[in-house]
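Text of the file query09.cif, holding mmCIF, C-alpha atoms:
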```
data_start
#
loop_
_atom_site.label_atom_id
_atom_site.label_comp_id
_atom_site.auth_asym_id
_atom_site.auth_seq_id
_atom_site.Cartn_x
_atom_site.Cartn_y
_atom_site.Cartn_z
CA MET A 1 127.59 85.95 105.41
CA LYS A 2 127.31 89.50 104.18
CA LEU A 3 123.99 91.32 104.02
CA LYS A 4 123.15 94.02 101.53
CA PRO A 5 120.37 96.53 102.19
CA ILE A 6 117.51 96.02 99.74
CA GLY A 7 115.82 99.29 100.68
CA ILE A 8 115.52 101.97 103.31
CA ILE A 9 112.97 102.69 106.01
CA ASN A 10 111.72 106.19 106.76
CA SER A 11 109.91 106.78 110.00
CA GLN A 12 109.10 109.47 112.52
CA TYR A 13 111.55 107.88 114.94
CA LYS A 14 114.73 109.92 114.58
CA THR A 15 116.43 108.67 117.74
CA LYS A 16 116.00 105.76 120.12
CA SER A 17 114.13 107.97 122.59
CA ASP A 18 111.49 108.82 119.92
CA SER A 19 110.71 105.20 119.19
CA PRO A 20 108.07 103.06 120.87
CA ARG A 21 109.20 100.06 122.92
CA GLN A 22 107.47 97.94 120.30
CA GLY A 23 106.06 99.27 117.06
CA ARG A 24 102.87 97.30 117.60
CA PHE A 25 101.84 99.72 120.32
CA SER A 26 101.91 102.74 117.99
CA GLU A 27 99.61 103.78 115.12
CA LYS A 28 102.32 105.87 113.42
CA LEU A 29 103.00 105.11 109.78
CA SER A 30 106.40 104.34 108.29
CA LYS A 31 107.53 104.16 104.66
CA ILE A 32 109.59 101.32 103.26
CA THR A 33 111.33 102.17 99.99
CA VAL A 34 112.56 99.09 98.17
CA PHE A 35 115.48 99.79 95.83
CA ASP A 36 114.51 99.79 92.14
CA GLU A 37 116.55 96.69 91.31
CA TYR A 38 114.25 94.59 93.57
CA LEU A 39 110.95 96.12 92.37
CA GLN A 40 109.80 93.00 90.52
CA GLY A 41 110.01 91.03 93.77
CA LEU A 42 107.18 93.16 95.21
CA GLU A 43 104.56 91.81 92.79
CA ASP A 44 101.61 90.16 94.56
CA ILE A 45 102.64 91.54 97.93
CA GLU A 46 99.34 93.44 98.18
CA LYS A 47 97.66 90.05 98.66
CA HIS A 48 99.13 89.97 102.17
CA GLU A 49 97.67 92.32 104.74
CA HIS A 50 100.49 91.56 107.16
CA LEU A 51 104.20 91.29 106.50
CA ILE A 52 107.30 90.42 108.49
CA ILE A 53 110.03 93.00 108.04
CA LEU A 54 113.67 92.25 108.78
CA TYR A 55 115.82 95.34 109.17
CA GLY A 56 119.20 96.23 110.55
CA TRP A 57 119.64 97.83 113.95
CA ASP A 58 122.46 99.89 112.47
CA ARG A 59 122.74 102.19 115.47
CA ALA A 60 122.67 99.52 118.20
CA GLU A 61 125.54 99.43 120.64
CA ASP A 62 127.86 96.43 120.81
CA TYR A 63 126.22 93.27 121.98
CA ARG A 64 125.89 92.29 125.64
CA LEU A 65 124.96 88.79 126.81
CA LYS A 66 123.01 90.04 129.84
CA VAL A 67 120.55 92.92 129.58
CA ILE A 68 117.88 94.59 131.71
CA PRO A 69 114.72 94.82 129.56
CA PRO A 70 112.63 98.04 129.74
CA GLY A 71 110.40 98.00 132.80
CA LYS A 72 112.40 95.23 134.48
CA THR A 73 114.99 95.50 137.25
CA LYS A 74 116.82 92.19 136.85
CA GLU A 75 119.34 91.17 134.23
CA GLN A 76 118.27 88.47 131.78
CA GLY A 77 120.09 86.44 129.18
CA LEU A 78 120.05 88.38 125.91
CA PHE A 79 118.36 85.65 123.86
CA SER A 80 115.36 85.67 126.22
CA THR A 81 114.79 89.33 125.26
CA ARG A 82 114.19 91.37 122.11
CA ALA A 83 116.95 93.87 122.94
CA PRO A 84 118.78 95.27 119.89
CA VAL A 85 122.26 94.73 121.37
CA ARG A 86 122.73 91.31 119.71
CA PRO A 87 125.70 89.56 118.07
CA ASN A 88 123.74 89.87 114.80
CA PRO A 89 121.59 93.01 115.21
CA ILE A 90 118.70 92.04 112.98
CA ALA A 91 115.26 93.28 114.00
CA LEU A 92 112.08 91.52 113.05
CA CYS A 93 108.76 93.28 113.11
CA LEU A 94 105.26 92.21 112.15
CA VAL A 95 103.59 95.09 110.28
CA LYS A 96 100.27 95.90 108.68
CA LEU A 97 100.42 96.94 105.03
CA ILE A 98 98.40 100.13 104.54
CA GLU A 99 99.30 101.13 101.00
CA ILE A 100 101.69 100.31 98.21
CA GLU A 101 102.68 102.73 95.49
CA GLY A 102 105.40 101.58 93.13
CA ASN A 103 108.38 100.69 95.26
CA VAL A 104 107.11 102.39 98.43
CA LEU A 105 105.16 100.49 101.08
CA THR A 106 103.33 102.40 103.80
CA VAL A 107 102.98 100.30 106.94
CA LYS A 108 102.07 100.57 110.58
CA TRP A 109 103.56 98.84 113.66
CA LEU A 110 107.11 99.17 112.37
CA ASP A 111 109.53 100.41 115.05
CA ALA A 112 112.61 101.09 112.91
CA LEU A 113 114.56 104.30 113.33
CA ASP A 114 114.51 106.67 110.36
CA GLY A 115 117.08 105.58 107.79
CA SER A 116 117.33 101.93 108.89
CA PRO A 117 118.46 99.46 106.23
CA LEU A 118 115.81 97.03 104.96
CA ILE A 119 117.03 93.42 104.86
CA ASP A 120 113.98 91.37 103.88
CA ILE A 121 110.21 91.36 103.46
CA LYS A 122 108.32 88.13 104.04
CA PRO A 123 104.57 87.49 104.00
CA PHE A 124 103.14 86.77 107.45
CA LEU A 125 101.55 83.31 107.38
CA PRO A 126 99.46 82.68 110.52
CA GLU A 127 99.57 78.90 110.05
CA ILE A 128 103.34 78.84 110.59
CA ASP A 129 104.07 82.16 112.33
CA CYS A 130 101.53 81.99 115.16
CA ILE A 131 100.69 79.58 117.94
CA MET B 1 126.55 94.38 107.50
CA LYS B 2 128.37 91.17 108.20
CA LEU B 3 126.76 88.29 110.09
CA LYS B 4 128.65 85.79 112.20
CA PRO B 5 127.17 82.40 113.07
CA ILE B 6 126.43 82.15 116.79
CA GLY B 7 125.85 78.41 116.65
CA ILE B 8 125.00 75.50 114.42
CA ILE B 9 121.81 73.58 113.74
CA ASN B 10 121.73 69.80 113.47
CA SER B 11 118.70 68.17 111.94
CA GLN B 12 117.55 65.09 110.10
CA TYR B 13 117.26 67.14 106.92
CA LYS B 14 120.47 66.46 105.02
CA THR B 15 119.31 67.83 101.66
CA LYS B 16 116.53 70.08 100.43
CA SER B 17 114.50 67.04 99.32
CA ASP B 18 114.53 65.64 102.91
CA SER B 19 113.13 68.81 104.43
CA PRO B 20 109.46 69.61 104.96
CA ARG B 21 107.95 72.54 103.06
CA GLN B 22 107.54 74.21 106.43
CA GLY B 23 108.99 72.87 109.68
CA ARG B 24 105.70 73.48 111.41
CA PHE B 25 104.18 70.53 109.59
CA SER B 26 106.73 68.06 111.01
CA GLU B 27 107.19 66.63 114.50
CA LYS B 28 110.90 65.87 113.96
CA LEU B 29 113.32 67.28 116.50
CA SER B 30 116.36 69.40 115.73
CA LYS B 31 119.29 70.44 117.93
CA ILE B 32 120.59 73.97 118.13
CA THR B 33 124.11 74.23 119.56
CA VAL B 34 124.98 77.75 120.62
CA PHE B 35 128.72 78.43 120.60
CA ASP B 36 130.27 78.57 124.09
CA GLU B 37 131.10 82.28 123.89
CA TYR B 38 127.35 83.09 123.78
CA LEU B 39 126.27 80.67 126.52
CA GLN B 40 125.46 83.38 129.07
CA GLY B 41 122.92 84.84 126.64
CA LEU B 42 120.82 81.68 126.95
CA GLU B 43 119.94 82.29 130.60
CA ASP B 44 116.16 82.54 131.21
CA ILE B 45 115.36 81.19 127.76
CA GLU B 46 113.54 78.23 129.33
CA LYS B 47 110.84 80.71 130.39
CA HIS B 48 109.73 80.85 126.76
CA GLU B 49 107.98 77.82 125.32
CA HIS B 50 108.25 79.23 121.81
CA LEU B 51 111.20 80.89 120.13
CA ILE B 52 111.88 82.56 116.79
CA ILE B 53 115.02 81.22 115.16
CA LEU B 54 116.89 83.13 112.48
CA TYR B 55 119.29 81.00 110.48
CA GLY B 56 121.19 81.22 107.23
CA TRP B 57 120.01 79.45 104.09
CA ASP B 58 123.64 78.74 103.30
CA ARG B 59 122.85 76.33 100.48
CA ALA B 60 120.21 78.43 98.71
CA GLU B 61 120.72 79.24 95.06
CA ASP B 62 121.19 82.83 93.91
CA TYR B 63 118.17 85.02 94.37
CA ARG B 64 115.38 85.33 91.83
CA LEU B 65 112.76 88.09 91.92
CA LYS B 66 109.98 85.86 90.56
CA VAL B 67 109.42 82.34 91.87
CA ILE B 68 106.84 79.58 91.59
CA PRO B 69 105.98 78.49 95.17
CA PRO B 70 105.54 74.74 95.87
CA GLY B 71 102.08 73.61 94.83
CA LYS B 72 101.49 76.68 92.65
CA THR B 73 101.76 77.02 88.89
CA LYS B 74 102.10 80.79 88.49
CA GLU B 75 105.13 82.95 89.17
CA GLN B 76 104.88 85.37 92.08
CA GLY B 77 107.02 88.22 93.31
CA LEU B 78 109.68 86.82 95.63
CA PHE B 79 108.74 88.99 98.61
CA SER B 80 105.18 87.61 98.58
CA THR B 81 106.67 84.14 99.20
CA ARG B 82 108.87 82.42 101.77
CA ALA B 83 111.23 81.00 99.14
CA PRO B 84 114.88 80.75 100.26
CA VAL B 85 116.26 82.32 97.06
CA ARG B 86 116.38 85.85 98.53
CA PRO B 87 118.85 88.74 98.24
CA ASN B 88 119.55 88.16 101.95
CA PRO B 89 118.91 84.44 102.52
CA ILE B 90 117.85 84.59 106.17
CA ALA B 91 115.23 82.08 107.29
CA LEU B 92 112.92 82.69 110.19
CA CYS B 93 111.15 79.86 111.91
CA LEU B 94 108.86 79.72 114.93
CA VAL B 95 109.84 76.69 117.04
CA LYS B 96 108.73 74.94 120.20
CA LEU B 97 111.43 74.50 122.83
CA ILE B 98 111.43 70.89 124.04
CA GLU B 99 114.56 70.75 126.17
CA ILE B 100 117.66 72.72 127.02
CA GLU B 101 120.89 71.18 128.25
CA GLY B 102 123.82 73.53 128.60
CA ASN B 103 124.33 75.15 125.23
CA VAL B 104 122.13 72.72 123.30
CA LEU B 105 118.45 73.42 122.64
CA THR B 106 116.20 70.65 121.37
CA VAL B 107 113.30 72.09 119.37
CA LYS B 108 110.55 71.05 117.02
CA TRP B 109 109.12 72.79 113.91
CA LEU B 110 112.55 73.92 112.73
CA ASP B 111 113.09 73.30 109.02
CA ALA B 112 116.82 74.05 108.76
CA LEU B 113 119.09 71.72 106.83
CA ASP B 114 121.70 69.90 108.90
CA GLY B 115 124.69 72.16 109.50
CA SER B 116 122.89 75.47 108.96
CA PRO B 117 124.42 78.51 110.67
CA LEU B 118 122.44 79.96 113.59
CA ILE B 119 122.07 83.74 113.38
CA ASP B 120 119.76 84.67 116.25
CA ILE B 121 117.33 83.37 118.87
CA LYS B 122 114.47 85.61 119.96
CA PRO B 123 111.60 84.87 122.34
CA PHE B 124 108.24 84.57 120.58
CA LEU B 125 105.92 87.22 122.04
CA PRO B 126 102.30 86.66 120.90
CA GLU B 127 101.30 90.25 121.69
CA ILE B 128 103.63 91.59 119.00
CA ASP B 129 104.30 88.55 116.78
CA CYS B 130 100.71 87.45 116.11
CA ILE B 131 97.59 89.02 114.71
#
```

Do you think you could lay out the structure here as structure tokens?
Amino acid sequence: MKLKPIGIINSQYKTKSDSPRQGRFSEKLSKITVFDEYLQGLEDIEKHEHLIILYGWDRAEDYRLKVIPPGKTKEQGLFSTRAPVRPNPIALCLVKLIEIEGNVLTVKWLDALDGSPLIDIKPFLPEIDCI
Amino acid sequence: MKLKPIGIINSQYKTKSDSPRQGRFSEKLSKITVFDEYLQGLEDIEKHEHLIILYGWDRAEDYRLKVIPPGKTKEQGLFSTRAPVRPNPIALCLVKLIEIEGNVLTVKWLDALDGSPLIDIKPFLPEIDCI
């Protein structure tokens, strides 16, 4: 299965060391530019205050099956963590939609590095996405 | 970016018409078999009662930028819906872990068709994944 970027993310996080452990813990804004060919798909998106963004961890190292999460001292199985070093390095991030202008969405809580490829935008639906 | 299946999902949903609109509204169990080469990555996963599963909608039709969601009568922009007909047909589904035996996870709330390719397993973390 081959993925194609449907847009690009611009953020203040230029390198891994700039970025928050989780975007949720930062108030910084990011911009998501959806490529023109997908513009029509953005209609009605303003009805959702919260979105789930899938993006590519395009600068992640090769995957490892055991990792030490930040703040921990013991190795854990990869799939019990949110580490980016995965067989399929797809990040998912719940964000708050602040503004939309044409094909550019301004959001907060996104933790993507500047220039990350956008893979998908889904509406966040609490009745299926929360406990 | 090329994805490789890391496992396979077996469910009672053989065709689209068998499957619930959202897995959350069904109590049926599904089995996720993680391929042996990734087994070590499953360690510690039993510490999480809820997981986020990414899988491939491998039988989805080509994408459309406007869709009519089930139960609606008006077209909406694709990205304001959870329709499977996406440029990158990756499904995400919050599931409850019922049992784990070796490389096989039994879960509920998963809505994948039988035979769907598993792309990723992430722990559900309410502090970042919920509002």

Would you mind listing, for every residue of chain B within 6 Å of chain A, the two atoms forming the shortest contact and the distance between them in Å to one decimal, using only C-alpha atoms, sorted by chain and ascending residue number, as CSV?
```
residue,atom,partner,partner_atom,distance
B:Met1,CA,A:Leu3,CA,5.3
B:Lys2,CA,A:Lys2,CA,4.5
B:Leu3,CA,A:Met1,CA,5.3
B:Arg24,CA,A:Ile128,CA,5.9
B:Gln40,CA,A:Leu65,CA,5.9
B:Gly41,CA,A:Gly77,CA,4.1
B:Leu42,CA,A:Gly77,CA,5.3
B:Glu43,CA,A:Gly77,CA,4.4
B:Asp44,CA,A:Gly77,CA,5.9
B:Ile45,CA,A:Ser80,CA,4.7
B:Leu65,CA,A:Gly41,CA,4.4
B:Gly77,CA,A:Gly41,CA,4.1
B:Leu78,CA,A:Gly41,CA,4.6
B:Phe79,CA,A:Gly41,CA,5.4
B:Ser80,CA,A:Ile45,CA,4.7
B:Asn88,CA,A:Leu3,CA,5.8
B:Leu94,CA,A:Asp129,CA,6.0
B:Ile121,CA,A:Phe79,CA,5.6
B:Lys122,CA,A:Phe79,CA,5.5
B:Pro123,CA,A:Ser80,CA,5.5
B:Ile128,CA,A:Arg24,CA,5.9
B:Asp129,CA,A:Leu94,CA,6.0
B:Cys130,CA,A:Cys130,CA,5.6
```

Any chance you can output those residues with C-alpha atoms as a CSV table (one decimal), in the frame of the given file?
```csv
chain,number,residue,atom,x,y,z
B,1,MET,CA,126.6,94.4,107.5
B,2,LYS,CA,128.4,91.2,108.2
B,3,LEU,CA,126.8,88.3,110.1
B,24,ARG,CA,105.7,73.5,111.4
B,40,GLN,CA,125.5,83.4,129.1
B,41,GLY,CA,122.9,84.8,126.6
B,42,LEU,CA,120.8,81.7,127.0
B,43,GLU,CA,119.9,82.3,130.6
B,44,ASP,CA,116.2,82.5,131.2
B,45,ILE,CA,115.4,81.2,127.8
B,65,LEU,CA,112.8,88.1,91.9
B,77,GLY,CA,107.0,88.2,93.3
B,78,LEU,CA,109.7,86.8,95.6
B,79,PHE,CA,108.7,89.0,98.6
B,80,SER,CA,105.2,87.6,98.6
B,88,ASN,CA,119.6,88.2,102.0
B,94,LEU,CA,108.9,79.7,114.9
B,121,ILE,CA,117.3,83.4,118.9
B,122,LYS,CA,114.5,85.6,120.0
B,123,PRO,CA,111.6,84.9,122.3
B,128,ILE,CA,103.6,91.6,119.0
B,129,ASP,CA,104.3,88.6,116.8
B,130,CYS,CA,100.7,87.4,116.1
```

One residue among B:Asp114, B:Asp62, B:Glu27, B:Asp36 is nearest to Asn10 (chain B) when using all atoms listed in the file, and that residue is B:Asp114

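We find CA of Ile9 (chain B) and CA of Leu29 (chain B) to be spaced 10.9 Å apart.
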
Margin query: Just the number, please: distance in Å from CA of Leu118 (chain A) to CA of Pro20 (chain A), one decimal.
Written below: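 Straight-line distance from CA of Leu118 (chain A) to CA of Pro20 (chain A) works out to 18.7 Å.
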
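Across the structure, CA of Pro84 (chain A) and CA of Arg59 (chain A) are spaced 9.1 Å apart.
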
Judged by only C-alpha atoms, the minimum distance to Val104 (chain B) among B:Thr73, B:Ser116, B:Thr33, B:Thr15 is found for B:Thr33

- Within 7 Å of Ser11 (chain B), counting all atoms listed in the file, which residues qualify if same-chain residues fewer than 2 places away don't, as a ChimeraX atom specification? /B:9,13,30-31,112-114

Across A:Tyr55, A:Glu101, A:Arg21, A:Lys16, the smallest distance to Pro69 (chain A), with all atoms listed in the file counted, is shown by A:Arg21

Just need the box for region 124-128 of chain B, edges along x, y and z, holding every atom the file lists for it with 4 Å tacked onto each side, so centre and edge lengths in Å to one decimal, as JSON.
```
{"center_x": 104.8, "center_y": 88.1, "center_z": 120.5, "size_x": 14.9, "size_y": 15.0, "size_z": 11.0}
```
